[in-house]
Amino acid sequence: MTSEESQSGGESAIEAARRAKLQRIIELGVDPYGGRFDDRLSVADIRDSASSVILRGESGDTLDVPELEKREEVSDDGEVKSHYVVAVDGEEVEFRQWLSTQGKAEFVGPTVRAAGRIVLQREQGNLRFIDIQDWTGRIQLFIGKKQVGPENWELIRCLDLGDLIGVDGELKRTKTGELSIFATEVHVLCKTLDPPPGKRHGVKDAEMRQRMRYVDLAYSEGSLDRFLNRTRIVQSIRHTLADTGFVEVEGPTLHTIAGGAAARPFVTHHNALDMKLFMRIALELHLKRLLVGGVERVYELGRVYRNEGISPRHNPEFTMLEAYQAYGDYRSMMDLTERLILDAIDAIGAPRQLPWGEKTIDFSPPFARRTYDELFAENTGIDPHDEEAIRTLAGKIGFETAGKHVDVIKNEIFEEKVEDALVGPIFVIDYPASICPLTKRKKDNPAVAERFELFIQGMEIANAYTELNDPDLQQELFETQLAGQAEEDSMAKMDHDFIRALRNGMPPAGGLGVGIDRLVMLLTNSQSIRDVILFPVLRPEASSARAAEAESETASEE
């Protein structure tokens, strides 16, 4: 028998065993898929009531319990085992040993009801210990055959890892000190047919985590918390914007012009109108129309779509915040960006110094502010205004320079030599005006645009402008494509209605865009954008398997 056949047979045997238990549950007159289960408490709430558990002596009096401290040990197979100790006369003593000196004392506590997924179980004769987990935490169930009765015990023996159950019982501590629900009744809420992934490999496989996010959330340590923190970050951003007078709107997802950014769009077709449409690549131009209409502080937080490569920092669809403030400028947006990030850190209960891999990011305000040209000179060693030196350096790096505008070349060098060196958080300000066609120029230097990008650990997190509101200049810039710039990298896409809107008068304003997925990456110490997007774009499963097989064959040939 091949290993593949053995694995296949093993999986079939597991499924057969689970289906047999499913049938047995039905025979016992129990619905294996449960129903409404009211009045349950979250695991976190139950744990918060631990102080209600008291130790009662043989005479009925309440005994003082020393403060328990948890100790954890990891076995060779990766199993984490815990035990509790107490301090007695300045010495550390096992809780079980201390309890044995208290005569026939026993714990008593409140009656509770809980529900969750079985993530660990072990049987010891007529006792079964089960760990259940909900989205707030994990707790142990202590189930005795005598306490639940023979019929309920038969039902309990049909339970597997991954099953969803409810429990009624008394919250107490075991002899080892573990806070546990001593069950009086167990309810089957959903019998599962697929087993959970193996401890050693299952949830460690990146593609499996992304493709089967439900498995990742249910079994990967930290995964559910990471996505709940994403929600807290987004809620915090909305709260901060509302607190500063911004209103949220919803703009169109289908655009007739792929404008507002430099990116390759996804193209679709509207049958009834017989017209080509683009999935939006930015939120900008419709929000600016609202500035014209008198919505003075406006934002949208939504999905945008760019038909580009996939990498640890890029996904074809991602979440973007864009906000516009009438009578502000890019400095107003710097202040807002800093507050948004600091409030988000507070919202997830994190310190201002956050881990990033083996490094630490210091988010203590104020964030650094440096000009584009200062950083260019510092990291390349050449004068940012010396066209010949710029072209020479580009040639040494391997960039094509013939027929390209010098600012296009300069920005390619900046992306290659400067961005990765920006630890941050750092606001890079005052970009070359020629590569910023939607941005107002500095009054004392029209070659420089009032624009910033916020970089953290080499990643662009935010981009902001003092918005251009001159309709004639905007029209001219829409018609201009810099020499050597790829079409998908150009904003030279005429939007006649937007020009018409500007002719009706848009107030001076600051505009801001923040990549929410990258921000969440940084605040949750996630090294891939796919780890902070619930359902990232993936190859079809069969294609992915064929690609992996081809890579394996290539590796073996090499």
# chains A, B, ... in the order shown; residues from 1 in each chain; ligands from 1

call {"tool": "select_by_dssp", "arguments": {"residues": "segment 59-147 of chain A", "states": "strand (DSSP E or B)", "output": "PyMOL selection string"}}
result
chain A and resi 62-63+69-74+80-88+91-94+106-108+111-124+127-134+137-144

call {"tool": "residues_around", "arguments": {"residues": "segment 497-513 of chain A", "least_positions_apart": "5", "cutoff": "9 Å", "atoms": "only C-alpha atoms", "output": "MDAnalysis selection string"}}
result
chainID A and resid 283:286 288:294 296 320:334 336:337 461:472 474:475

call {"tool": "residues_around", "arguments": {"residues": "Ile382 of chain A", "least_positions_apart": "4", "cutoff": "12 Å", "atoms": "only C-alpha atoms", "output": "ChimeraX atom specification"}}
result
/A:373-378,386-394,410,413-414,417

call {"tool": "atom_distance", "arguments": {"atom1": "atom CA of Glu69 of chain A", "atom2": "atom CA of Ser82 of chain A"}}
result
10.3 Å

call {"tool": "atom_distance", "arguments": {"atom1": "atom CA of Val520 of chain A", "atom2": "atom CA of Asn229 of chain A"}}
result
8.2 Å

call {"tool": "select_by_dssp", "arguments": {"residues": "segment 22-84 of chain A", "states": "alpha helix (DSSP H)", "output": "PDB file with N, CA and C atoms, in the first residue's frame"}}
result
ATOM      1  N   LEU A  22     -22.254  10.021  14.626  1.00  0.00           N
ATOM      2  CA  LEU A  22     -23.395  10.841  14.239  1.00  0.00           C
ATOM      3  C   LEU A  22     -24.680  10.019  14.288  1.00  0.00           C
ATOM      4  N   GLN A  23     -24.620   8.801  13.734  1.00  0.00           N
ATOM      5  CA  GLN A  23     -25.792   7.919  13.730  1.00  0.00           C
ATOM      6  C   GLN A  23     -26.189   7.530  15.151  1.00  0.00           C
ATOM      7  N   ARG A  24     -25.190   7.296  16.002  1.00  0.00           N
ATOM      8  CA  ARG A  24     -25.492   6.915  17.378  1.00  0.00           C
ATOM      9  C   ARG A  24     -26.179   8.052  18.124  1.00  0.00           C
ATOM     10  N   ILE A  25     -25.766   9.287  17.860  1.00  0.00           N
ATOM     11  CA  ILE A  25     -26.407  10.442  18.481  1.00  0.00           C
ATOM     12  C   ILE A  25     -27.885  10.501  18.077  1.00  0.00           C
ATOM     13  N   ILE A  26     -28.149  10.247  16.806  1.00  0.00           N
ATOM     14  CA  ILE A  26     -29.539  10.237  16.317  1.00  0.00           C
ATOM     15  C   ILE A  26     -30.338   9.141  17.017  1.00  0.00           C
ATOM     16  N   GLU A  27     -29.710   7.946  17.171  1.00  0.00           N
ATOM     17  CA  GLU A  27     -30.382   6.828  17.837  1.00  0.00           C
ATOM     18  C   GLU A  27     -30.723   7.150  19.288  1.00  0.00           C
ATOM     19  N   VAL A  43     -16.948  32.621  27.521  1.00  0.00           N
ATOM     20  CA  VAL A  43     -15.878  32.057  28.346  1.00  0.00           C
ATOM     21  C   VAL A  43     -15.175  33.161  29.127  1.00  0.00           C
ATOM     22  N   ALA A  44     -14.985  34.308  28.485  1.00  0.00           N
ATOM     23  CA  ALA A  44     -14.326  35.422  29.181  1.00  0.00           C
ATOM     24  C   ALA A  44     -15.135  35.856  30.403  1.00  0.00           C
ATOM     25  N   ASP A  45     -16.452  35.941  30.256  1.00  0.00           N
ATOM     26  CA  ASP A  45     -17.299  36.332  31.385  1.00  0.00           C
ATOM     27  C   ASP A  45     -17.250  35.285  32.493  1.00  0.00           C
ATOM     28  N   ILE A  46     -17.217  34.036  32.096  1.00  0.00           N
ATOM     29  CA  ILE A  46     -17.142  32.967  33.097  1.00  0.00           C
ATOM     30  C   ILE A  46     -15.818  33.045  33.849  1.00  0.00           C
ATOM     31  N   ARG A  47     -14.748  33.265  33.131  1.00  0.00           N
ATOM     32  CA  ARG A  47     -13.439  33.377  33.791  1.00  0.00           C
ATOM     33  C   ARG A  47     -13.375  34.605  34.708  1.00  0.00           C
ATOM     34  N   ASP A  48     -14.072  35.659  34.308  1.00  0.00           N
ATOM     35  CA  ASP A  48     -14.097  36.861  35.141  1.00  0.00           C
ATOM     36  C   ASP A  48     -14.819  36.627  36.465  1.00  0.00           C
TER      37      ASP A  48
END

call {"tool": "residues_around", "arguments": {"residues": "Glu416 of chain A", "least_positions_apart": "5", "cutoff": "12 Å", "atoms": "only C-alpha atoms", "output": "MDAnalysis selection string"}}
result
chainID A and resid 376 379:380 393:394 397:399 409:411 421:422 458

call {"tool": "residues_around", "arguments": {"residues": "Leu127 of chain A", "least_positions_apart": "4", "cutoff": "8 Å", "atoms": "only C-alpha atoms", "output": "VMD selection string"}}
result
chain A and resid 123 142 to 145

call {"tool": "closest_residue", "arguments": {"among": "A:His496, A:Arg370, A:Lys146, A:His255", "to": "Met275 of chain A", "atoms": "only C-alpha atoms"}}
result
A:His255

call {"tool": "closest_residue", "arguments": {"among": "A:Val448, A:Ala50, A:Ile281, A:Met208", "to": "Glu541 of chain A", "atoms": "only C-alpha atoms"}}
result
A:Met208

call {"tool": "closest_residue", "arguments": {"among": "A:Asp517, A:Asp205, A:Asp343, A:Glu92", "to": "Thr319 of chain A", "atoms": "only C-alpha atoms"}}
result
A:Asp517

call {"tool": "residues_around", "arguments": {"residues": "segment 94-110 of chain A", "least_positions_apart": "5", "cutoff": "8 Å", "atoms": "only C-alpha atoms", "output": "VMD selection string"}}
result
chain A and resid 52 to 58 68 83 to 86 170 to 173 175 to 177

call {"tool": "atom_distance", "arguments": {"atom1": "atom CA of Gly198 of chain A", "atom2": "atom CA of Gln121 of chain A"}}
result
14.6 Å

call {"tool": "residues_around", "arguments": {"residues": "Pro265 of chain A", "least_positions_apart": "2", "cutoff": "12 Å", "atoms": "only C-alpha atoms", "output": "PyMOL selection string"}}
result
chain A and resi 253-263+267-268+276-282+304-309+316-317+487-489

call {"tool": "write_last_selection", "arguments": {"atoms": "N, CA and C atoms", "output": "PDB file, in the first residue's frame"}}
result
ATOM      1  N   THR A 253     -18.673  51.624  -7.084  1.00  0.00           N
ATOM      2  CA  THR A 253     -17.604  50.650  -7.309  1.00  0.00           C
ATOM      3  C   THR A 253     -17.274  50.539  -8.793  1.00  0.00           C
ATOM      4  N   LEU A 254     -18.273  50.733  -9.646  1.00  0.00           N
ATOM      5  CA  LEU A 254     -18.085  50.678 -11.097  1.00  0.00           C
ATOM      6  C   LEU A 254     -17.885  52.094 -11.629  1.00  0.00           C
ATOM      7  N   HIS A 255     -16.763  52.304 -12.308  1.00  0.00           N
ATOM      8  CA  HIS A 255     -16.423  53.627 -12.832  1.00  0.00           C
ATOM      9  C   HIS A 255     -16.348  53.589 -14.359  1.00  0.00           C
ATOM     10  N   THR A 256     -16.664  54.699 -14.977  1.00  0.00           N
ATOM     11  CA  THR A 256     -16.496  54.782 -16.432  1.00  0.00           C
ATOM     12  C   THR A 256     -15.060  55.140 -16.813  1.00  0.00           C
ATOM     13  N   ILE A 257     -14.318  55.706 -15.866  1.00  0.00           N
ATOM     14  CA  ILE A 257     -12.908  56.057 -16.077  1.00  0.00           C
ATOM     15  C   ILE A 257     -12.114  55.534 -14.884  1.00  0.00           C
ATOM     16  N   ALA A 258     -11.013  54.832 -15.146  1.00  0.00           N
ATOM     17  CA  ALA A 258     -10.177  54.309 -14.059  1.00  0.00           C
ATOM     18  C   ALA A 258      -9.237  55.403 -13.600  1.00  0.00           C
ATOM     19  N   GLY A 259      -9.752  56.308 -12.758  1.00  0.00           N
ATOM     20  CA  GLY A 259      -8.972  57.469 -12.356  1.00  0.00           C
ATOM     21  C   GLY A 259      -8.723  57.523 -10.864  1.00  0.00           C
ATOM     22  N   GLY A 260      -7.933  58.548 -10.478  1.00  0.00           N
ATOM     23  CA  GLY A 260      -7.660  58.766  -9.064  1.00  0.00           C
ATOM     24  C   GLY A 260      -6.410  58.088  -8.567  1.00  0.00           C
ATOM     25  N   ALA A 261      -5.788  57.262  -9.388  1.00  0.00           N
ATOM     26  CA  ALA A 261      -4.568  56.554  -8.990  1.00  0.00           C
ATOM     27  C   ALA A 261      -3.869  56.060 -10.245  1.00  0.00           C
ATOM     28  N   ALA A 262      -2.644  55.591 -10.088  1.00  0.00           N
ATOM     29  CA  ALA A 262      -1.894  54.996 -11.186  1.00  0.00           C
ATOM     30  C   ALA A 262      -1.888  53.487 -10.980  1.00  0.00           C
ATOM     31  N   ALA A 263      -2.759  52.797 -11.715  1.00  0.00           N
ATOM     32  CA  ALA A 263      -2.868  51.348 -11.539  1.00  0.00           C
ATOM     33  C   ALA A 263      -3.620  50.752 -12.722  1.00  0.00           C
ATOM     34  N   VAL A 267     -11.495  45.211 -15.813  1.00  0.00           N
ATOM     35  CA  VAL A 267     -12.458  45.714 -16.785  1.00  0.00           C
ATOM     36  C   VAL A 267     -13.661  44.786 -16.841  1.00  0.00           C
ATOM     37  N   THR A 268     -14.847  45.385 -16.893  1.00  0.00           N
ATOM     38  CA  THR A 268     -16.061  44.586 -17.021  1.00  0.00           C
ATOM     39  C   THR A 268     -16.977  45.249 -18.048  1.00  0.00           C
ATOM     40  N   LYS A 276     -18.365  49.639 -21.492  1.00  0.00           N
ATOM     41  CA  LYS A 276     -17.251  49.141 -20.694  1.00  0.00           C
ATOM     42  C   LYS A 276     -17.188  49.904 -19.384  1.00  0.00           C
ATOM     43  N   LEU A 277     -16.945  49.183 -18.292  1.00  0.00           N
ATOM     44  CA  LEU A 277     -16.790  49.790 -16.974  1.00  0.00           C
ATOM     45  C   LEU A 277     -15.539  49.245 -16.313  1.00  0.00           C
ATOM     46  N   PHE A 278     -15.051  49.988 -15.328  1.00  0.00           N
ATOM     47  CA  PHE A 278     -13.849  49.596 -14.604  1.00  0.00           C
ATOM     48  C   PHE A 278     -14.184  49.449 -13.122  1.00  0.00           C
ATOM     49  N   MET A 279     -13.655  48.404 -12.486  1.00  0.00           N
ATOM     50  CA  MET A 279     -13.703  48.333 -11.033  1.00  0.00           C
ATOM     51  C   MET A 279     -12.797  49.426 -10.494  1.00  0.00           C
ATOM     52  N   ARG A 280     -13.250  50.139  -9.480  1.00  0.00           N
ATOM     53  CA  ARG A 280     -12.535  51.328  -9.042  1.00  0.00           C
ATOM     54  C   ARG A 280     -11.120  50.995  -8.553  1.00  0.00           C
ATOM     55  N   ILE A 281     -10.185  51.852  -8.889  1.00  0.00           N
ATOM     56  CA  ILE A 281      -8.810  51.714  -8.414  1.00  0.00           C
ATOM     57  C   ILE A 281      -8.504  52.714  -7.307  1.00  0.00           C
ATOM     58  N   ALA A 282      -9.429  53.639  -7.068  1.00  0.00           N
ATOM     59  CA  ALA A 282      -9.275  54.643  -6.010  1.00  0.00           C
ATOM     60  C   ALA A 282     -10.648  55.215  -5.696  1.00  0.00           C
ATOM     61  N   VAL A 304     -11.061  48.580  -2.966  1.00  0.00           N
ATOM     62  CA  VAL A 304     -10.629  48.999  -4.288  1.00  0.00           C
ATOM     63  C   VAL A 304      -9.942  47.818  -4.956  1.00  0.00           C
ATOM     64  N   TYR A 305      -9.818  47.896  -6.290  1.00  0.00           N
ATOM     65  CA  TYR A 305      -9.399  46.730  -7.068  1.00  0.00           C
ATOM     66  C   TYR A 305      -8.328  47.134  -8.072  1.00  0.00           C
ATOM     67  N   ARG A 306      -7.199  46.429  -8.031  1.00  0.00           N
ATOM     68  CA  ARG A 306      -6.119  46.729  -8.967  1.00  0.00           C
ATOM     69  C   ARG A 306      -5.601  45.427  -9.564  1.00  0.00           C
ATOM     70  N   ASN A 307      -5.602  45.397 -10.897  1.00  0.00           N
ATOM     71  CA  ASN A 307      -5.274  44.167 -11.627  1.00  0.00           C
ATOM     72  C   ASN A 307      -3.758  44.053 -11.773  1.00  0.00           C
ATOM     73  N   GLU A 308      -3.117  43.802 -10.627  1.00  0.00           N
ATOM     74  CA  GLU A 308      -1.659  43.798 -10.571  1.00  0.00           C
ATOM     75  C   GLU A 308      -1.161  42.546  -9.864  1.00  0.00           C
ATOM     76  N   GLY A 309       0.130  42.500  -9.593  1.00  0.00           N
ATOM     77  CA  GLY A 309       0.732  41.307  -9.012  1.00  0.00           C
ATOM     78  C   GLY A 309       0.285  41.033  -7.586  1.00  0.00           C
ATOM     79  N   PRO A 316      -4.992  41.810  -5.026  1.00  0.00           N
ATOM     80  CA  PRO A 316      -5.740  42.528  -6.074  1.00  0.00           C
ATOM     81  C   PRO A 316      -6.914  43.345  -5.558  1.00  0.00           C
ATOM     82  N   GLU A 317      -7.552  42.911  -4.473  1.00  0.00           N
ATOM     83  CA  GLU A 317      -8.577  43.742  -3.838  1.00  0.00           C
ATOM     84  C   GLU A 317      -8.133  44.017  -2.407  1.00  0.00           C
ATOM     85  N   GLU A 487       1.793  53.215 -19.188  1.00  0.00           N
ATOM     86  CA  GLU A 487       0.412  53.714 -19.207  1.00  0.00           C
ATOM     87  C   GLU A 487      -0.300  53.434 -17.892  1.00  0.00           C
ATOM     88  N   GLU A 488      -0.074  52.230 -17.325  1.00  0.00           N
ATOM     89  CA  GLU A 488      -0.774  51.895 -16.079  1.00  0.00           C
ATOM     90  C   GLU A 488      -0.230  52.685 -14.886  1.00  0.00           C
ATOM     91  N   ASP A 489       0.962  53.282 -15.031  1.00  0.00           N
ATOM     92  CA  ASP A 489       1.532  54.089 -13.955  1.00  0.00           C
ATOM     93  C   ASP A 489       1.197  55.570 -14.104  1.00  0.00           C
TER      94      ASP A 489
END
